[in-house]
Amino acid sequence: MNLRPYGVLLAAFGFLMTVGAGVAQTAQYVQVQNSDQVILTRWALQHIMARHWPDSPAAGAGKFQEGTTEASLRDLINEAVRSGRGRQNTHGRPGTLYEYDFRRQIGTTIDGGPATRLRVVVNNRNEVVTAFPF
Amino acid sequence: MHLDYRLTDDRETDWSSVTEEDLRYRVALGNLIFRVDDKDFSAAWGWIPLIDLVASFGEIVRKLEGRSTSETFEFTESDAWIRFEKKDGKVLVSTSYGEGVGEIPLSPLAEAIKSFRERLHSEIVRKHPHAAHNAAVKKLLGVG
């Protein structure tokens, strides 16, 4: 069950940090967004890269496939949110978890095996908190 | 049972302004040390948000003290989990990443979590005095 209300309209007005072309961009704009898309901030991207990028040394954390880019990561995340199963975050953690099985390898599990699934944590401001293959 | 932690050094965090989301995912990271009987469920991954972990463990114990018979802790950056199952007045502990099942009465588990929370709070406040006044820290560590 997808917990996100269909057709949510988010108007983000003001200065918003976004990720693009590897450079943090600060822009003043109105962003119209539906439930298929979430915001990937520079901070979230750095968080994900530190733990889950192919060259990350973090132990006990799934890794994305070699060749994953910021753009392909964003595509994976949006597909998982659009098509995946949503559930409330656990034990008092705020936000929603989305999980989706791409039925192709997108990375490696914590044991080093092939990972086909993605878990995305989205907070109540529609921003990605973290995302990892498993 | 032995429940403990190792906190990673952190000189960058502004503890006066950290949010609950920071504490749940990005701040006060470290390792979990968790042994039940001869079963070792420790996780030396370095990235485990320890305030989130102990807050979640506390929530799990509260539920087990109530009507719940099974609760699962999910790590924030992997699909690894720790399961707590209440059976005949004891709690069976198992994980996705370690072998075997440990067994402990509920009351000592609750005490160990309380001690973990108090030690973690003391260490953080000693190293980062601004944390003592942070509302999210107070909320998740149950002080103030």
# chains A, B, ... in the order shown; residues from 1 in each chain; ligands from 1
$ closest_atom_pairs --of "chain B" --to "chain A" --cutoff "6 Å" --atoms "only C-alpha atoms" --output "Markdown table"
| residue | atom | partner | partner_atom | distance |
| --- | --- | --- | --- | --- |
| B:Trp45 | CA | A:Ala59 | CA | 5.1 |
| B:Ser56 | CA | A:His91 | CA | 5.5 |
| B:Glu77 | CA | A:Ala61 | CA | 5.9 |
| B:Ser78 | CA | A:Ala61 | CA | 5.2 |
$ select_by_dssp --residues "segment 94-144 of chain B" --states "alpha helix (DSSP H)" --output "list in words"
Leu106, Ser107, Pro108, Leu109, Ala110, Glu111, Ala112, Ile113, Lys114, Ser115, Phe116, Arg117, Glu118, Arg119, Leu120, His121, Ser122, Glu123, Ile124, Val125, Arg126, Lys127, Ala135, Ala136, Val137, Lys138, Lys139, Leu140 and Leu141 of chain B
$ write_last_selection --atoms "C-alpha atoms" --output "PDB file, in the first residue's frame"
ATOM      1  CA  LEU B 106      12.374  -8.661  29.962  1.00  0.00           C
ATOM      2  CA  SER B 107      13.257  -6.771  33.121  1.00  0.00           C
ATOM      3  CA  PRO B 108      17.079  -6.996  32.781  1.00  0.00           C
ATOM      4  CA  LEU B 109      16.742  -6.028  29.129  1.00  0.00           C
ATOM      5  CA  ALA B 110      14.813  -2.908  30.123  1.00  0.00           C
ATOM      6  CA  GLU B 111      17.444  -2.104  32.762  1.00  0.00           C
ATOM      7  CA  ALA B 112      20.278  -2.549  30.273  1.00  0.00           C
ATOM      8  CA  ILE B 113      18.587  -0.187  27.820  1.00  0.00           C
ATOM      9  CA  LYS B 114      18.063   2.398  30.561  1.00  0.00           C
ATOM     10  CA  SER B 115      21.722   2.161  31.535  1.00  0.00           C
ATOM     11  CA  PHE B 116      22.791   2.448  27.872  1.00  0.00           C
ATOM     12  CA  ARG B 117      20.654   5.569  27.484  1.00  0.00           C
ATOM     13  CA  GLU B 118      22.035   7.206  30.616  1.00  0.00           C
ATOM     14  CA  ARG B 119      25.664   6.450  29.743  1.00  0.00           C
ATOM     15  CA  LEU B 120      25.203   7.684  26.187  1.00  0.00           C
ATOM     16  CA  HIS B 121      23.555  10.875  27.395  1.00  0.00           C
ATOM     17  CA  SER B 122      26.358  11.502  29.897  1.00  0.00           C
ATOM     18  CA  GLU B 123      29.092  10.975  27.330  1.00  0.00           C
ATOM     19  CA  ILE B 124      27.453  13.178  24.723  1.00  0.00           C
ATOM     20  CA  VAL B 125      26.757  16.010  27.165  1.00  0.00           C
ATOM     21  CA  ARG B 126      30.286  15.786  28.546  1.00  0.00           C
ATOM     22  CA  LYS B 127      31.791  16.008  25.063  1.00  0.00           C
ATOM     23  CA  ALA B 135      15.032  19.530  22.678  1.00  0.00           C
ATOM     24  CA  ALA B 136      15.501  16.589  20.309  1.00  0.00           C
ATOM     25  CA  VAL B 137      18.200  15.116  22.522  1.00  0.00           C
ATOM     26  CA  LYS B 138      15.938  15.504  25.541  1.00  0.00           C
ATOM     27  CA  LYS B 139      13.052  13.896  23.697  1.00  0.00           C
ATOM     28  CA  LEU B 140      14.914  10.840  22.421  1.00  0.00           C
ATOM     29  CA  LEU B 141      17.075  10.236  25.469  1.00  0.00           C
TER      30      LEU B 141
END
$ residues_around --residues "Ala80 of chain B" --least-positions-apart "2" --cutoff "7 Å" --atoms "only C-alpha atoms" --output "number ranges by chain"
B: 74-75, 78, 96-97
$ write_last_selection --atoms "C-alpha atoms" --output "short mmCIF file (atom, residue, chain, number, x, y, z; two decimals), in the first residue's frame"
data_model
loop_
_atom_site.label_atom_id
_atom_site.label_comp_id
_atom_site.auth_asym_id
_atom_site.auth_seq_id
_atom_site.Cartn_x
_atom_site.Cartn_y
_atom_site.Cartn_z
CA GLU B 74 15.47 -2.08 11.66
CA PHE B 75 18.85 -0.47 11.12
CA SER B 78 20.60 -1.52 5.71
CA SER B 96 19.54 -11.04 10.41
CA TYR B 97 23.31 -10.82 10.60
#
$ residues_around --residues "Asp38 of chain B" --least-positions-apart "3" --cutoff "9 Å" --atoms "only C-alpha atoms" --output "PyMOL selection string"
chain B and resi 1+35+102
$ select_by_dssp --residues "chain B" --states "strand (DSSP E or B)" --output "ChimeraX atom specification"
/B:2-7,29-36,39-40,43-49,70-74,81-87,90-95,102-105
$ residues_around --residues "Ser16 of chain B" --least-positions-apart "4" --cutoff "6 Å" --atoms "only C-alpha atoms" --output "VMD selection string"
chain B and resid 130 to 131 134
$ residues_around --residues "Arg117 of chain A" --least-positions-apart "3" --cutoff "10 Å" --atoms "only C-alpha atoms" --output "PDB file with N, CA and C atoms, in the first residue's frame"
ATOM      1  N   LEU A  76      16.241   5.967  -9.824  1.00  0.00           N
ATOM      2  CA  LEU A  76      15.922   4.798  -8.998  1.00  0.00           C
ATOM      3  C   LEU A  76      15.002   5.189  -7.837  1.00  0.00           C
ATOM      4  N   ALA A  80      11.179   3.951  -7.212  1.00  0.00           N
ATOM      5  CA  ALA A  80      10.826   3.218  -5.987  1.00  0.00           C
ATOM      6  C   ALA A  80       9.662   3.887  -5.260  1.00  0.00           C
ATOM      7  N   GLY A  84       6.797   1.545  -5.590  1.00  0.00           N
ATOM      8  CA  GLY A  84       7.086   0.648  -4.488  1.00  0.00           C
ATOM      9  C   GLY A  84       6.006   0.606  -3.427  1.00  0.00           C
ATOM     10  N   GLU A  99       9.832   0.640  -0.541  1.00  0.00           N
ATOM     11  CA  GLU A  99      10.684  -0.455  -1.000  1.00  0.00           C
ATOM     12  C   GLU A  99      10.179  -0.930  -2.360  1.00  0.00           C
ATOM     13  N   TYR A 100      11.138  -1.158  -3.243  1.00  0.00           N
ATOM     14  CA  TYR A 100      10.767  -1.587  -4.588  1.00  0.00           C
ATOM     15  C   TYR A 100      11.802  -2.565  -5.126  1.00  0.00           C
ATOM     16  N   ASP A 101      11.310  -3.608  -5.757  1.00  0.00           N
ATOM     17  CA  ASP A 101      12.185  -4.614  -6.356  1.00  0.00           C
ATOM     18  C   ASP A 101      12.285  -4.339  -7.858  1.00  0.00           C
ATOM     19  N   PHE A 102      13.468  -3.948  -8.308  1.00  0.00           N
ATOM     20  CA  PHE A 102      13.668  -3.619  -9.719  1.00  0.00           C
ATOM     21  C   PHE A 102      13.826  -4.870 -10.595  1.00  0.00           C
ATOM     22  N   ARG A 103      13.974  -6.010  -9.973  1.00  0.00           N
ATOM     23  CA  ARG A 103      14.130  -7.288 -10.676  1.00  0.00           C
ATOM     24  C   ARG A 103      15.333  -7.288 -11.612  1.00  0.00           C
ATOM     25  N   ARG A 104      16.292  -6.460 -11.270  1.00  0.00           N
ATOM     26  CA  ARG A 104      17.615  -6.442 -11.905  1.00  0.00           C
ATOM     27  C   ARG A 104      18.580  -5.924 -10.857  1.00  0.00           C
ATOM     28  N   GLN A 105      19.832  -6.253 -11.028  1.00  0.00           N
ATOM     29  CA  GLN A 105      20.770  -5.843  -9.997  1.00  0.00           C
ATOM     30  C   GLN A 105      21.001  -4.329 -10.032  1.00  0.00           C
ATOM     31  N   ILE A 106      20.858  -3.723  -8.873  1.00  0.00           N
ATOM     32  CA  ILE A 106      21.144  -2.283  -8.746  1.00  0.00           C
ATOM     33  C   ILE A 106      22.321  -2.032  -7.804  1.00  0.00           C
ATOM     34  N   GLY A 107      22.801  -3.089  -7.181  1.00  0.00           N
ATOM     35  CA  GLY A 107      23.908  -2.924  -6.246  1.00  0.00           C
ATOM     36  C   GLY A 107      24.227  -4.224  -5.559  1.00  0.00           C
ATOM     37  N   THR A 108      24.825  -4.098  -4.373  1.00  0.00           N
ATOM     38  CA  THR A 108      25.171  -5.290  -3.608  1.00  0.00           C
ATOM     39  C   THR A 108      24.608  -5.178  -2.191  1.00  0.00           C
ATOM     40  N   THR A 109      24.314  -6.334  -1.618  1.00  0.00           N
ATOM     41  CA  THR A 109      23.794  -6.393  -0.250  1.00  0.00           C
ATOM     42  C   THR A 109      24.948  -6.229   0.750  1.00  0.00           C
ATOM     43  N   PRO A 114      24.204  -9.928  -4.890  1.00  0.00           N
ATOM     44  CA  PRO A 114      23.466  -8.989  -5.745  1.00  0.00           C
ATOM     45  C   PRO A 114      22.223  -8.444  -5.046  1.00  0.00           C
ATOM     46  N   PHE A 132      19.089   3.026  -0.012  1.00  0.00           N
ATOM     47  CA  PHE A 132      20.140   2.014  -0.158  1.00  0.00           C
ATOM     48  C   PHE A 132      19.594   0.746  -0.804  1.00  0.00           C
ATOM     49  N   PRO A 133      20.472   0.043  -1.527  1.00  0.00           N
ATOM     50  CA  PRO A 133      20.072  -1.244  -2.115  1.00  0.00           C
ATOM     51  C   PRO A 133      20.123  -2.343  -1.071  1.00  0.00           C
ATOM     52  N   PHE A 134      19.291  -3.346  -1.279  1.00  0.00           N
ATOM     53  CA  PHE A 134      19.350  -4.511  -0.391  1.00  0.00           C
ATOM     54  C   PHE A 134      18.806  -5.733  -1.111  1.00  0.00           C
TER      55      PHE A 134
END
$ residues_around --residues "Leu32 of chain B" --least-positions-apart "6" --cutoff "7 Å" --atoms "only C-alpha atoms" --output "tab-separated table (two decimals) with C-alpha atoms, in the first residue's frame"
chain	number	residue	atom	x	y	z
B	4	ASP	CA	27.05	-1.19	25.16
B	5	TYR	CA	28.26	1.15	22.44
B	6	ARG	CA	31.29	2.91	21.00
B	42	SER	CA	27.30	-6.68	17.92
B	43	ALA	CA	27.46	-4.47	14.85
B	44	ALA	CA	30.76	-2.65	14.36
$ atom_distance --atom1 "atom CA of Glu71 of chain B" --atom2 "atom CA of Lys87 of chain B"
12.2 Å
$ atom_distance --atom1 "atom CA of Thr95 of chain B" --atom2 "atom CA of Arg67 of chain B"
21.9 Å
